[in-house]
$ cat work.cif   # mmCIF, C-alpha atoms and all ligand atoms
data_protein
loop_
_atom_site.label_atom_id
_atom_site.label_comp_id
_atom_site.auth_asym_id
_atom_site.auth_seq_id
_atom_site.Cartn_x
_atom_site.Cartn_y
_atom_site.Cartn_z
CA MET M 1 14.56 1.90 -6.70
CA GLN M 2 15.51 5.20 -8.25
CA LEU M 3 18.79 5.81 -6.40
CA PRO M 4 21.67 3.33 -6.04
CA LEU M 5 22.14 1.75 -2.63
CA ASP M 6 25.37 3.56 -1.80
CA ALA M 7 23.71 6.95 -2.39
CA LEU M 8 20.79 5.95 -0.18
CA GLU M 9 23.10 4.69 2.57
CA ALA M 10 25.14 7.91 2.45
CA ARG M 11 21.96 9.89 2.98
CA ALA M 12 20.69 7.43 5.62
CA ALA M 13 23.90 7.85 7.61
CA ARG M 14 23.19 11.59 7.88
CA SER M 15 19.62 11.05 9.11
CA GLY M 16 19.98 8.31 11.71
CA LEU M 17 18.87 5.56 9.32
CA ALA M 18 22.23 3.89 8.60
CA GLY M 19 21.87 0.27 7.51
CA ILE M 20 18.14 0.47 6.82
CA PRO M 21 18.40 0.88 3.00
CA THR M 22 20.73 -2.15 2.89
CA LYS M 23 18.23 -4.27 4.83
CA VAL M 24 15.34 -3.08 2.67
CA PHE M 25 17.24 -3.90 -0.54
CA ALA M 26 18.12 -7.35 0.85
CA GLN M 27 14.49 -7.88 1.96
CA GLU M 28 15.77 -8.39 5.49
CA ARG M 29 13.40 -7.85 8.40
CA LEU M 30 13.70 -4.49 10.21
CA SER M 31 14.21 -4.59 13.98
CA PRO M 32 12.30 -2.61 16.62
CA ALA M 33 15.42 -0.40 16.92
CA ASP M 34 15.11 0.31 13.17
CA GLY M 35 11.43 1.09 13.72
CA LEU M 36 12.29 3.62 16.41
CA ALA M 37 15.00 5.19 14.24
CA MET M 38 12.44 5.61 11.46
CA TYR M 39 10.02 7.40 13.81
CA GLN M 40 12.83 9.63 15.13
CA SER M 41 14.48 10.54 11.81
CA ASP M 42 13.76 13.88 10.16
CA ASP M 43 14.18 12.33 6.69
CA VAL M 44 10.58 11.35 5.90
CA ALA M 45 11.34 11.68 2.19
CA LEU M 46 13.97 8.93 2.42
CA LEU M 47 11.53 6.65 4.27
CA GLY M 48 8.97 7.35 1.55
CA MET M 49 11.47 6.55 -1.19
CA LEU M 50 12.39 3.22 0.44
CA ALA M 51 8.76 2.34 1.10
CA HIS M 52 7.85 3.19 -2.48
CA GLY M 53 10.49 0.76 -3.70
CA VAL M 54 8.98 -2.00 -1.57
CA ARG M 55 5.46 -1.13 -2.70
CA ARG M 56 6.56 -1.21 -6.37
CA ARG M 57 8.27 -4.57 -5.83
CA MET M 58 5.07 -5.99 -4.32
CA HIS M 59 2.40 -4.35 -6.47
CA GLY M 60 4.06 -2.75 -9.49
CA ASP M 61 2.23 0.30 -10.80
CA VAL M 62 -1.19 -0.78 -9.54
CA ALA M 63 -3.17 1.23 -7.01
CA TYR M 64 -6.24 -0.51 -5.64
CA TYR M 65 -9.56 0.97 -4.64
CA ASN M 66 -13.01 -0.46 -4.07
CA VAL M 67 -16.58 0.74 -4.43
CA ASN M 68 -17.95 0.56 -0.93
CA ILE M 69 -20.46 1.99 1.48
CA HIS M 70 -20.27 2.53 5.22
CA VAL M 71 -23.04 1.67 7.64
CA ASN M 72 -22.29 2.82 11.19
CA TYR M 73 -25.31 0.99 12.58
CA THR M 74 -25.33 2.57 16.06
CA ASN M 75 -23.39 5.12 18.07
CA TRP M 76 -24.59 3.71 21.38
CA CYS M 77 -21.44 2.83 23.24
CA ASN M 78 -20.36 1.95 26.77
CA GLN M 79 -16.59 2.03 26.20
CA PHE M 80 -16.30 5.80 26.78
CA CYS M 81 -12.93 6.09 25.02
CA ASP M 82 -11.36 9.54 25.36
CA PHE M 83 -10.44 9.63 21.66
CA CYS M 84 -13.94 9.01 20.29
CA ALA M 85 -16.36 11.72 19.13
CA PHE M 86 -18.84 9.21 17.73
CA GLN M 87 -20.09 7.55 20.96
CA ARG M 88 -23.42 8.40 22.61
CA ARG M 89 -25.55 6.95 25.40
CA PRO M 90 -29.08 5.97 24.30
CA GLY M 91 -31.36 9.00 24.72
CA GLU M 92 -28.49 11.48 24.46
CA ASP M 93 -28.64 14.14 21.76
CA GLY M 94 -27.68 12.60 18.43
CA ALA M 95 -27.85 8.99 19.68
CA TYR M 96 -29.20 6.47 17.17
CA ARG M 97 -29.56 2.76 16.54
CA MET M 98 -30.48 1.49 13.09
CA SER M 99 -33.11 -1.24 13.01
CA PRO M 100 -32.52 -4.25 10.73
CA GLU M 101 -35.13 -2.68 8.38
CA GLN M 102 -33.11 0.55 8.25
CA VAL M 103 -29.96 -1.41 7.46
CA TYR M 104 -31.91 -3.15 4.70
CA ASP M 105 -33.09 0.22 3.29
CA ALA M 106 -29.58 1.69 3.49
CA LEU M 107 -28.24 -1.19 1.41
CA GLN M 108 -31.12 -1.11 -1.06
CA SER M 109 -30.70 2.59 -1.76
CA ALA M 110 -26.89 2.40 -1.87
CA ASN M 111 -24.72 2.68 -4.96
CA PRO M 112 -25.66 -0.43 -7.01
CA GLU M 113 -22.01 -0.80 -8.05
CA ALA M 114 -20.85 -1.18 -4.43
CA SER M 115 -19.16 -4.53 -3.83
CA GLU M 116 -18.59 -4.05 -0.07
CA VAL M 117 -20.44 -2.76 2.94
CA HIS M 118 -18.20 -1.75 5.86
CA MET M 119 -20.13 -1.91 9.14
CA VAL M 120 -18.59 -0.72 12.42
CA ALA M 121 -20.29 0.86 15.42
CA GLY M 122 -20.36 1.19 19.21
CA VAL M 123 -20.81 -1.46 21.89
CA TRP M 124 -24.06 -1.69 23.83
CA PRO M 125 -25.05 -5.00 25.51
CA ALA M 126 -28.81 -4.36 25.41
CA LEU M 127 -28.67 -4.65 21.61
CA GLY M 128 -28.67 -8.43 22.22
CA TYR M 129 -27.04 -11.19 20.20
CA ASP M 130 -29.91 -11.62 17.73
CA TYR M 131 -29.66 -7.98 16.64
CA PHE M 132 -26.25 -8.67 15.08
CA LEU M 133 -27.54 -11.71 13.21
CA GLU M 134 -30.54 -9.70 12.02
CA ILE M 135 -28.54 -6.77 10.67
CA LEU M 136 -26.27 -9.17 8.80
CA ARG M 137 -29.28 -10.94 7.29
CA ALA M 138 -30.84 -7.58 6.42
CA ALA M 139 -27.69 -6.45 4.61
CA LYS M 140 -27.39 -9.71 2.68
CA SER M 141 -31.07 -9.91 1.74
CA ALA M 142 -31.00 -6.34 0.42
CA ARG M 143 -27.82 -7.03 -1.59
CA PRO M 144 -27.06 -10.78 -1.83
CA ASP M 145 -23.99 -10.04 -3.97
CA ILE M 146 -22.32 -7.66 -1.52
CA HIS M 147 -19.32 -8.55 0.69
CA VAL M 148 -20.14 -7.78 4.32
CA LYS M 149 -17.02 -6.61 6.18
CA ALA M 150 -18.27 -5.97 9.68
CA PHE M 151 -17.43 -5.72 13.37
CA THR M 152 -14.04 -4.87 14.84
CA MET M 153 -12.53 -7.25 17.40
CA VAL M 154 -14.15 -5.11 20.12
CA GLU M 155 -17.61 -5.68 18.66
CA ILE M 156 -16.92 -9.39 18.09
CA ASP M 157 -15.76 -9.71 21.70
CA GLU M 158 -19.08 -8.23 22.83
CA ILE M 159 -21.09 -10.40 20.42
CA VAL M 160 -19.39 -13.55 21.75
CA ARG M 161 -20.14 -12.45 25.32
CA LEU M 162 -23.82 -11.86 24.43
CA ALA M 163 -24.10 -15.18 22.60
CA LYS M 164 -22.70 -17.13 25.58
CA LYS M 165 -21.33 -19.69 23.12
CA PRO M 166 -17.81 -20.73 22.11
CA LEU M 167 -16.11 -18.54 19.49
CA PRO M 168 -16.24 -21.05 16.59
CA GLU M 169 -19.97 -21.56 17.11
CA VAL M 170 -20.60 -17.80 17.09
CA LEU M 171 -18.46 -17.40 13.96
CA ASP M 172 -20.45 -20.20 12.29
CA GLU M 173 -23.66 -18.30 13.03
CA LEU M 174 -22.33 -14.91 11.95
CA ARG M 175 -21.00 -16.41 8.71
CA GLU M 176 -24.32 -18.14 8.10
CA ALA M 177 -26.12 -14.80 8.64
CA GLY M 178 -23.89 -13.06 6.07
CA LEU M 179 -20.57 -12.01 7.60
CA ASP M 180 -17.68 -12.30 5.10
CA SER M 181 -14.68 -10.64 6.79
CA MET M 182 -13.77 -8.18 9.52
CA PRO M 183 -12.24 -4.69 9.47
CA GLY M 184 -9.14 -3.69 11.41
CA GLY M 185 -10.31 -1.23 14.06
CA GLY M 186 -10.50 -1.43 17.82
CA ALA M 187 -6.79 -2.11 18.35
CA GLU M 188 -6.04 1.58 18.97
CA VAL M 189 -2.47 1.45 20.31
CA PHE M 190 -1.65 -1.71 22.26
CA SER M 191 0.24 0.04 25.10
CA GLU M 192 -1.30 -0.88 28.48
CA ARG M 193 -0.19 2.53 29.79
CA VAL M 194 -2.18 4.39 27.13
CA ARG M 195 -5.14 2.05 27.53
CA GLN M 196 -5.31 2.77 31.27
CA GLU M 197 -5.10 6.48 30.57
CA LEU M 198 -7.53 6.86 27.65
CA TYR M 199 -9.65 3.71 27.15
CA PRO M 200 -9.55 1.57 30.31
CA ARG M 201 -12.88 -0.15 29.53
CA LYS M 202 -11.71 -1.39 26.16
CA MET M 203 -10.41 -4.95 25.72
CA SER M 204 -6.69 -5.40 26.38
CA ALA M 205 -4.03 -5.83 23.71
CA GLU M 206 -3.71 -9.49 24.67
CA GLY M 207 -7.48 -9.93 24.30
CA TRP M 208 -7.49 -8.22 20.89
CA LEU M 209 -4.57 -10.28 19.58
CA GLU M 210 -5.92 -13.56 20.94
CA LEU M 211 -9.34 -12.96 19.39
CA ALA M 212 -7.81 -11.96 16.04
CA GLN M 213 -5.74 -15.15 16.13
CA GLY M 214 -8.85 -17.26 16.80
CA ILE M 215 -10.70 -15.56 13.96
CA HIS M 216 -7.82 -16.05 11.52
CA GLU M 217 -7.51 -19.70 12.53
CA TYR M 218 -11.24 -20.10 11.94
CA GLY M 219 -10.72 -18.82 8.41
CA PHE M 220 -11.83 -15.18 8.28
CA LYS M 221 -9.53 -12.50 6.90
CA THR M 222 -9.29 -9.23 8.82
CA ASN M 223 -7.37 -5.97 8.56
CA CYS M 224 -5.15 -4.31 11.15
CA THR M 225 -4.79 -0.72 12.28
CA MET M 226 -2.94 1.57 14.66
CA LEU M 227 -4.54 4.76 15.96
CA TYR M 228 -1.64 7.19 16.40
CA GLY M 229 -1.28 10.80 17.48
CA MET M 230 -2.79 10.56 20.99
CA THR M 231 -0.44 10.31 23.99
CA GLU M 232 1.54 7.24 22.92
CA THR M 233 5.34 7.32 22.74
CA LEU M 234 7.25 6.39 19.60
CA GLU M 235 8.46 3.23 21.37
CA GLU M 236 4.83 2.28 21.98
CA ARG M 237 4.03 2.72 18.29
CA VAL M 238 6.91 0.41 17.34
CA ASP M 239 5.81 -2.14 19.91
CA HIS M 240 2.29 -2.09 18.45
CA LEU M 241 3.65 -2.81 14.98
CA ARG M 242 5.91 -5.55 16.33
CA ARG M 243 2.93 -7.31 17.92
CA LEU M 244 0.90 -7.10 14.71
CA ARG M 245 3.85 -8.50 12.75
CA GLU M 246 4.31 -11.40 15.17
CA LEU M 247 0.65 -12.34 14.95
CA GLN M 248 0.79 -12.15 11.17
CA ASP M 249 3.78 -14.53 11.20
CA ARG M 250 1.57 -17.04 13.00
CA THR M 251 -1.71 -16.65 11.08
CA ASN M 252 -1.25 -14.70 7.84
CA GLY M 253 -4.80 -13.44 8.42
CA PHE M 254 -4.27 -9.69 7.97
CA GLN M 255 -4.83 -8.38 4.48
CA THR M 256 -4.02 -4.74 4.92
CA TYR M 257 -2.59 -2.33 7.46
CA ILE M 258 -4.32 1.02 7.92
CA PRO M 259 -2.55 3.66 10.01
CA LEU M 260 -5.34 5.77 11.53
CA ALA M 261 -4.39 9.40 12.22
CA PHE M 262 -6.08 10.74 15.34
CA HIS M 263 -8.76 13.40 14.77
CA PRO M 264 -9.26 15.38 17.97
CA ASP M 265 -12.34 17.56 17.32
CA ASN M 266 -15.36 16.94 19.57
CA THR M 267 -13.59 14.21 21.54
CA PRO M 268 -14.32 14.06 25.30
CA ALA M 269 -10.79 14.72 26.58
CA LEU M 270 -8.33 15.10 23.72
CA SER M 271 -9.63 18.01 21.66
CA HIS M 272 -6.58 20.09 22.67
CA LEU M 273 -4.23 17.75 20.76
CA PRO M 274 -3.05 18.64 17.25
CA ILE M 275 -3.90 16.49 14.23
CA PRO M 276 -0.79 14.58 13.08
CA SER M 277 0.86 16.75 10.42
CA PRO M 278 0.85 15.68 6.75
CA SER M 279 4.48 14.54 7.02
CA GLU M 280 3.71 12.47 10.15
CA ARG M 281 0.79 10.86 8.30
CA LEU M 282 3.09 10.01 5.39
CA ARG M 283 5.76 8.74 7.78
CA SER M 284 3.21 6.37 9.33
CA VAL M 285 2.30 4.96 5.93
CA ALA M 286 5.95 4.51 4.94
CA ILE M 287 6.93 2.86 8.24
CA GLY M 288 3.92 0.57 7.98
CA ARG M 289 5.12 -0.61 4.56
CA LEU M 290 8.73 -1.06 5.66
CA PHE M 291 8.16 -2.66 9.07
CA LEU M 292 5.14 -4.89 8.34
CA ASP M 293 6.97 -6.94 5.72
CA ASN M 294 4.45 -9.78 6.02
CA VAL M 295 1.23 -7.77 5.51
CA PRO M 296 0.38 -7.67 1.80
CA HIS M 297 -1.25 -4.22 1.56
CA VAL M 298 -1.05 -0.76 3.11
CA LYS M 299 -4.11 1.41 2.85
CA ALA M 300 -4.09 5.21 2.51
CA TYR M 301 -7.53 5.78 3.99
CA TRP M 302 -8.30 9.06 2.24
CA ILE M 303 -11.23 9.87 4.53
CA MET M 304 -8.86 10.51 7.41
CA LEU M 305 -5.54 11.23 5.68
CA GLY M 306 -7.03 13.92 3.48
CA ILE M 307 -7.17 13.54 -0.27
CA ALA M 308 -3.84 15.20 -1.11
CA VAL M 309 -1.95 13.26 1.56
CA ALA M 310 -3.59 9.98 0.50
CA GLN M 311 -2.58 10.62 -3.09
CA THR M 312 1.01 11.34 -2.01
CA ALA M 313 0.95 8.21 0.17
CA LEU M 314 0.54 6.13 -3.00
CA GLN M 315 4.14 7.17 -3.76
CA MET M 316 5.36 6.51 -0.21
CA GLY M 317 4.33 2.94 0.54
CA ALA M 318 0.55 2.67 0.14
CA ASP M 319 -1.01 0.60 -2.64
CA ASP M 320 -4.69 1.06 -1.75
CA LEU M 321 -6.90 4.14 -1.40
CA ASP M 322 -9.85 2.35 0.27
CA GLY M 323 -13.09 3.15 -1.48
CA THR M 324 -15.68 5.54 -2.75
CA VAL M 325 -17.23 5.41 0.78
CA SER M 326 -20.49 7.09 1.66
CA GLN M 327 -21.96 8.35 4.93
CA GLU M 328 -18.88 7.71 7.05
CA LYS M 329 -19.53 8.99 10.61
CA VAL M 330 -16.66 8.01 12.95
CA TYR M 331 -14.11 10.53 11.57
CA HIS M 332 -16.55 13.14 10.40
CA ASP M 333 -17.91 13.41 13.95
CA ALA M 334 -14.29 13.95 15.01
CA GLY M 335 -13.86 16.84 12.59
CA ALA M 336 -12.67 15.29 9.32
CA GLN M 337 -13.24 17.84 6.54
CA THR M 338 -12.96 15.37 3.69
CA PRO M 339 -16.04 14.90 1.47
CA GLN M 340 -18.54 12.18 2.44
CA GLN M 341 -17.72 10.26 -0.72
CA MET M 342 -15.77 10.28 -3.98
CA THR M 343 -16.93 9.01 -7.34
CA ARG M 344 -15.14 6.24 -9.18
CA GLY M 345 -14.00 8.84 -11.74
CA GLN M 346 -12.49 11.08 -9.05
CA ILE M 347 -10.58 8.14 -7.59
CA HIS M 348 -9.29 7.19 -11.05
CA ARG M 349 -8.00 10.73 -11.49
CA LEU M 350 -6.19 10.73 -8.15
CA ILE M 351 -4.58 7.41 -8.94
CA ARG M 352 -3.57 8.28 -12.49
CA ASP M 353 -2.23 11.69 -11.43
CA SER M 354 0.00 9.85 -8.92
CA GLY M 355 1.47 7.76 -11.74
CA HIS M 356 -0.42 4.53 -11.07
CA VAL M 357 -3.03 2.36 -12.75
CA PRO M 358 -6.42 2.11 -11.03
CA VAL M 359 -7.58 -1.41 -10.26
CA GLU M 360 -10.97 -1.96 -8.69
CA ARG M 361 -10.65 -4.72 -6.12
CA GLY M 362 -13.07 -6.78 -4.08
CA THR M 363 -12.63 -6.89 -0.31
CA LEU M 364 -10.32 -9.90 -0.53
CA TYR M 365 -8.20 -8.10 -3.15
CA GLU M 366 -9.60 -10.09 -6.02
CA VAL M 367 -9.36 -7.96 -9.17
CA ARG M 368 -12.81 -6.84 -10.31
CA ARG M 369 -11.73 -4.43 -13.05
CA ASP M 370 -8.29 -3.54 -14.26
CA PHE M 371 -8.22 -0.10 -15.91
CA ARG M 372 -4.75 -0.38 -17.43
CA ASP M 373 -6.06 0.52 -20.87
CA GLY M 374 -8.29 3.33 -19.68
CA ASP M 375 -12.00 3.44 -19.12
CA PRO M 376 -14.90 5.81 -19.71
CA ALA M 377 -14.92 6.36 -15.93
CA ASP M 378 -11.64 8.22 -16.36
CA LEU M 379 -13.49 10.89 -18.32
CA ASP M 380 -16.37 10.97 -15.92
CA GLY M 381 -14.59 12.36 -12.88
CA GLY M 382 -16.65 15.52 -12.52
CA PRO M 383 -14.81 18.28 -10.72
CA ARG M 384 -11.37 17.37 -9.40
CA PRO M 385 -11.51 16.56 -5.66
CA ASP M 386 -10.76 19.69 -3.66
CA LEU M 387 -7.11 19.19 -2.79
CA ALA M 388 -6.78 22.59 -1.12
CA GLN M 389 -9.59 21.80 1.29
CA SER M 390 -8.19 18.40 2.12
CA LEU M 391 -4.86 19.94 3.17
CA THR M 392 -6.59 21.32 6.26
CA VAL M 393 -7.73 17.88 7.41
O1 LIG W 1 -11.26 1.50 16.23
C1 LIG W 1 -12.21 6.35 16.45
C2 LIG W 1 -10.73 4.82 15.10
C3 LIG W 1 -11.63 2.88 14.29
C4 LIG W 1 -11.27 8.25 16.08
O2 LIG W 1 -10.52 -2.38 8.04
C5 LIG W 1 -10.60 7.27 15.36
O3 LIG W 1 -10.66 -1.40 6.11
C6 LIG W 1 -9.18 8.82 14.51
O4 LIG W 1 -12.15 0.08 12.01
N1 LIG W 1 -9.76 9.82 15.21
C7 LIG W 1 -12.81 2.30 13.53
N2 LIG W 1 -9.58 7.53 14.58
C8 LIG W 1 -12.60 2.38 12.02
C9 LIG W 1 -12.11 1.11 11.40
C10 LIG W 1 -11.64 1.15 9.98
C11 LIG W 1 -11.54 2.33 9.27
C12 LIG W 1 -11.15 2.28 7.93
C13 LIG W 1 -10.88 1.10 7.30
C14 LIG W 1 -10.97 -0.08 8.03
C15 LIG W 1 -10.70 -1.38 7.36
C16 LIG W 1 -11.34 -0.05 9.38
O5 LIG W 1 -11.60 4.29 14.13
C17 LIG W 1 -11.63 2.75 15.78
C18 LIG W 1 -10.62 3.78 16.19
O6 LIG W 1 -9.33 3.24 16.15
N3 LIG W 1 -11.20 6.11 15.62
N4 LIG W 1 -12.27 7.67 16.75
C19 LIG W 1 -10.80 9.59 16.01
N5 LIG W 1 -11.34 10.58 16.70
#
$ encode --input "work.cif" --output "structure tokens"
Amino acid sequence: MQLPLDALEARAARSGLAGIPTKVFAQERLSPADGLAMYQSDDVALLGMLAHGVRRRMHGDVAYYNVNIHVNYTNWCNQFCDFCAFQRRPGEDGAYRMSPEQVYDALQSANPEASEVHMVAGVWPALGYDYFLEILRAAKSARPDIHVKAFTMVEIDEIVRLAKKPLPEVLDELREAGLDSMPGGGAEVFSERVRQELYPRKMSAEGWLELAQGIHEYGFKTNCTMLYGMTETLEERVDHLRRLRELQDRTNGFQTYIPLAFHPDNTPALSHLPIPSPSERLRSVAIGRLFLDNVPHVKAYWIMLGIAVAQTALQMGADDLDGTVSQEKVYHDAGAQTPQQMTRGQIHRLIRDSGHVPVERGTLYEVRRDFRDGDPADLDGGPRPDLAQSLTV
């Protein structure tokens, strides 16, 4: 920590955060009341400073990234969530479903250095259970070395329903077909009030948490998320984080927390809402780091935070930038102005300019390459990512 505790507490007392620096220094768990105070305080810089201290204690000067690709295999969806600009009904303009052969081709033509494919999509029962096994097999046969991180809890819930088999049996079959871990989406915000208002067809919070618990107990790692900036209250955000933290106490199955800032463009009913401001995005990262004391990593998902905010987030609680990414559709359909991908060299630059050392990780945070002593990729960044453009995201 840069400032002594008494100086931090003096400042915290003026911004409604009294006692929080002391708890953070003592590694004492923050309460829901602390969580609410952190959302209500106007001192985002103090939250960032405290979160940075925790992040440095946990990860030192390392900032992780991975080389990954996205395959959004279909936008057919019957959940009709008000926040989603990606969904289509089959036959509608822009609707698509990738065949297993197309998934194979996408993997074959992808960046050969990619160590992970991230596959999330819509929910459509007529796809049938075998389709999911086939796209996993297609991905693995195109790139046997790649880690397949696929299917949010919402997709898994649907797959289990289609399979008409007990969860462990379905997980056996998905693993056999190539599944290695699961991403964190589909949780949105756990509030039943918001669910009824904006995504009543989506599985309940209890369903999501119970399924994640079953999957962790089976042995898969997953991530966790919160989609914020819709109509949820600050209390509902804190409650969401509390429920994630309680599940993590039981299973230790979450690897990383990713706060997902809502992007309103082209959404069915929420396009009038503003995008969370840069300081709200940074606040969400910092609170994630401080409140979720049992989740090892916090990801600054640059695709949706914007590049400049993601880079700043590395100094306010985040230790991971996600990846090089290519062909992401969920946020770009909702108006994200970030580029479709970054090169390894561009990511190295962002990380080094933020005062950290780039470490390329695998999906399970195994170190693939540590660039502490520099690397030719540092010199190979091409043009600097357009920070001015990303400020408008
Ligand atoms: O569940 C959908 C969100 C999620 C919008 O685990 C939106 O590493 C903002 O799971 N504005 C899917 N968010 C994405 C996901 C994910 C993303 C990055 C990393 C990881 C990981 C997982 O995207 C959905 C929903 O919460 N979403 N529409 C929107 N308009």
$ atom_distance --input "work.cif" --atom1 "atom CA of Phe86 of chain M" --atom2 "atom N4 of ligand LIG 1 (chain W)"
6.8 Å
$ residues_around --input "work.cif" --residues "Thr324 of chain M" --least-positions-apart "2" --cutoff "7 Å" --atoms "only C-alpha atoms" --output "list in words"
Asn66, Val67, Asn68, Ser326, Gln341, Met342, Thr343 and Arg344 of chain M
$ write_last_selection --input "work.cif" --atoms "C-alpha atoms" --output "PDB file, in the frame of the given file"
ATOM      1  CA  ASN M  66     -13.010  -0.460  -4.070  1.00  0.00           C
ATOM      2  CA  VAL M  67     -16.580   0.740  -4.430  1.00  0.00           C
ATOM      3  CA  ASN M  68     -17.950   0.560  -0.930  1.00  0.00           C
ATOM      4  CA  SER M 326     -20.490   7.090   1.660  1.00  0.00           C
ATOM      5  CA  GLN M 341     -17.720  10.260  -0.720  1.00  0.00           C
ATOM      6  CA  MET M 342     -15.770  10.280  -3.980  1.00  0.00           C
ATOM      7  CA  THR M 343     -16.930   9.010  -7.340  1.00  0.00           C
ATOM      8  CA  ARG M 344     -15.140   6.240  -9.180  1.00  0.00           C
TER       9      ARG M 344
END
$ atom_distance --input "work.cif" --atom1 "atom CA of Asp145 of chain M" --atom2 "atom CA of Glu116 of chain M"
9.0 Å
$ closest_atom_pairs --input "work.cif" --of "chain M" --to "ligand LIG 1 (chain W)" --cutoff "8 Å" --atoms "all atoms listed in the file" --output "JSON lines"
{"residue": "M:Phe83", "atom": "CA", "partner": "W:LIG1", "partner_atom": "N5", "distance": 5.1}
{"residue": "M:Cys84", "atom": "CA", "partner": "W:LIG1", "partner_atom": "N4", "distance": 4.1}
{"residue": "M:Ala85", "atom": "CA", "partner": "W:LIG1", "partner_atom": "N5", "distance": 5.7}
{"residue": "M:Phe86", "atom": "CA", "partner": "W:LIG1", "partner_atom": "N4", "distance": 6.8}
{"residue": "M:His118", "atom": "CA", "partner": "W:LIG1", "partner_atom": "O3", "distance": 7.6}
{"residue": "M:Val120", "atom": "CA", "partner": "W:LIG1", "partner_atom": "O4", "distance": 6.5}
{"residue": "M:Ala121", "atom": "CA", "partner": "W:LIG1", "partner_atom": "C7", "distance": 7.8}
{"residue": "M:Lys149", "atom": "CA", "partner": "W:LIG1", "partner_atom": "O2", "distance": 8.0}
{"residue": "M:Phe151", "atom": "CA", "partner": "W:LIG1", "partner_atom": "O4", "distance": 8.0}
{"residue": "M:Thr152", "atom": "CA", "partner": "W:LIG1", "partner_atom": "O4", "distance": 6.0}
{"residue": "M:Met182", "atom": "CA", "partner": "W:LIG1", "partner_atom": "O2", "distance": 6.8}
{"residue": "M:Pro183", "atom": "CA", "partner": "W:LIG1", "partner_atom": "O2", "distance": 3.2}
{"residue": "M:Gly184", "atom": "CA", "partner": "W:LIG1", "partner_atom": "O2", "distance": 3.9}
{"residue": "M:Gly185", "atom": "CA", "partner": "W:LIG1", "partner_atom": "O4", "distance": 3.1}
{"residue": "M:Gly186", "atom": "CA", "partner": "W:LIG1", "partner_atom": "O1", "distance": 3.4}
{"residue": "M:Ala187", "atom": "CA", "partner": "W:LIG1", "partner_atom": "O1", "distance": 6.1}
{"residue": "M:Glu188", "atom": "CA", "partner": "W:LIG1", "partner_atom": "O6", "distance": 4.6}
{"residue": "M:Thr222", "atom": "CA", "partner": "W:LIG1", "partner_atom": "O2", "distance": 7.0}
{"residue": "M:Asn223", "atom": "CA", "partner": "W:LIG1", "partner_atom": "O2", "distance": 4.8}
{"residue": "M:Cys224", "atom": "CA", "partner": "W:LIG1", "partner_atom": "O2", "distance": 6.5}
{"residue": "M:Thr225", "atom": "CA", "partner": "W:LIG1", "partner_atom": "O6", "distance": 7.2}
{"residue": "M:Met226", "atom": "CA", "partner": "W:LIG1", "partner_atom": "O6", "distance": 6.8}
{"residue": "M:Leu227", "atom": "CA", "partner": "W:LIG1", "partner_atom": "O6", "distance": 5.0}
{"residue": "M:Tyr228", "atom": "CA", "partner": "W:LIG1", "partner_atom": "C6", "distance": 7.9}
{"residue": "M:Thr256", "atom": "CA", "partner": "W:LIG1", "partner_atom": "O3", "distance": 7.5}
{"residue": "M:Tyr257", "atom": "CA", "partner": "W:LIG1", "partner_atom": "O2", "distance": 8.0}
{"residue": "M:Ile258", "atom": "CA", "partner": "W:LIG1", "partner_atom": "C13", "distance": 6.6}
{"residue": "M:Leu260", "atom": "CA", "partner": "W:LIG1", "partner_atom": "N2", "distance": 5.5}
{"residue": "M:Ala261", "atom": "CA", "partner": "W:LIG1", "partner_atom": "C6", "distance": 5.3}
{"residue": "M:Phe262", "atom": "CA", "partner": "W:LIG1", "partner_atom": "C6", "distance": 3.7}
{"residue": "M:His263", "atom": "CA", "partner": "W:LIG1", "partner_atom": "N1", "distance": 3.7}
{"residue": "M:Pro264", "atom": "CA", "partner": "W:LIG1", "partner_atom": "N5", "distance": 5.4}
{"residue": "M:Asp265", "atom": "CA", "partner": "W:LIG1", "partner_atom": "N5", "distance": 7.1}
{"residue": "M:Thr267", "atom": "CA", "partner": "W:LIG1", "partner_atom": "N5", "distance": 6.5}
{"residue": "M:Lys299", "atom": "CA", "partner": "W:LIG1", "partner_atom": "O3", "distance": 7.8}
{"residue": "M:Tyr301", "atom": "CA", "partner": "W:LIG1", "partner_atom": "C12", "distance": 6.4}
{"residue": "M:Met304", "atom": "CA", "partner": "W:LIG1", "partner_atom": "C6", "distance": 7.3}
{"residue": "M:Asp322", "atom": "CA", "partner": "W:LIG1", "partner_atom": "O3", "distance": 7.0}
{"residue": "M:Val330", "atom": "CA", "partner": "W:LIG1", "partner_atom": "N4", "distance": 5.8}
{"residue": "M:Tyr331", "atom": "CA", "partner": "W:LIG1", "partner_atom": "C19", "distance": 5.6}
{"residue": "M:Asp333", "atom": "CA", "partner": "W:LIG1", "partner_atom": "N5", "distance": 7.7}
{"residue": "M:Ala334", "atom": "CA", "partner": "W:LIG1", "partner_atom": "N5", "distance": 4.8}
{"residue": "M:Gly335", "atom": "CA", "partner": "W:LIG1", "partner_atom": "N5", "distance": 7.9}
$ residues_around --input "work.cif" --residues "segment 9-11 of chain M" --least-positions-apart "2" --cutoff "12 Å" --atoms "only C-alpha atoms" --output "ChimeraX atom specification"
/M:3-7,13-25,41-47,49-50
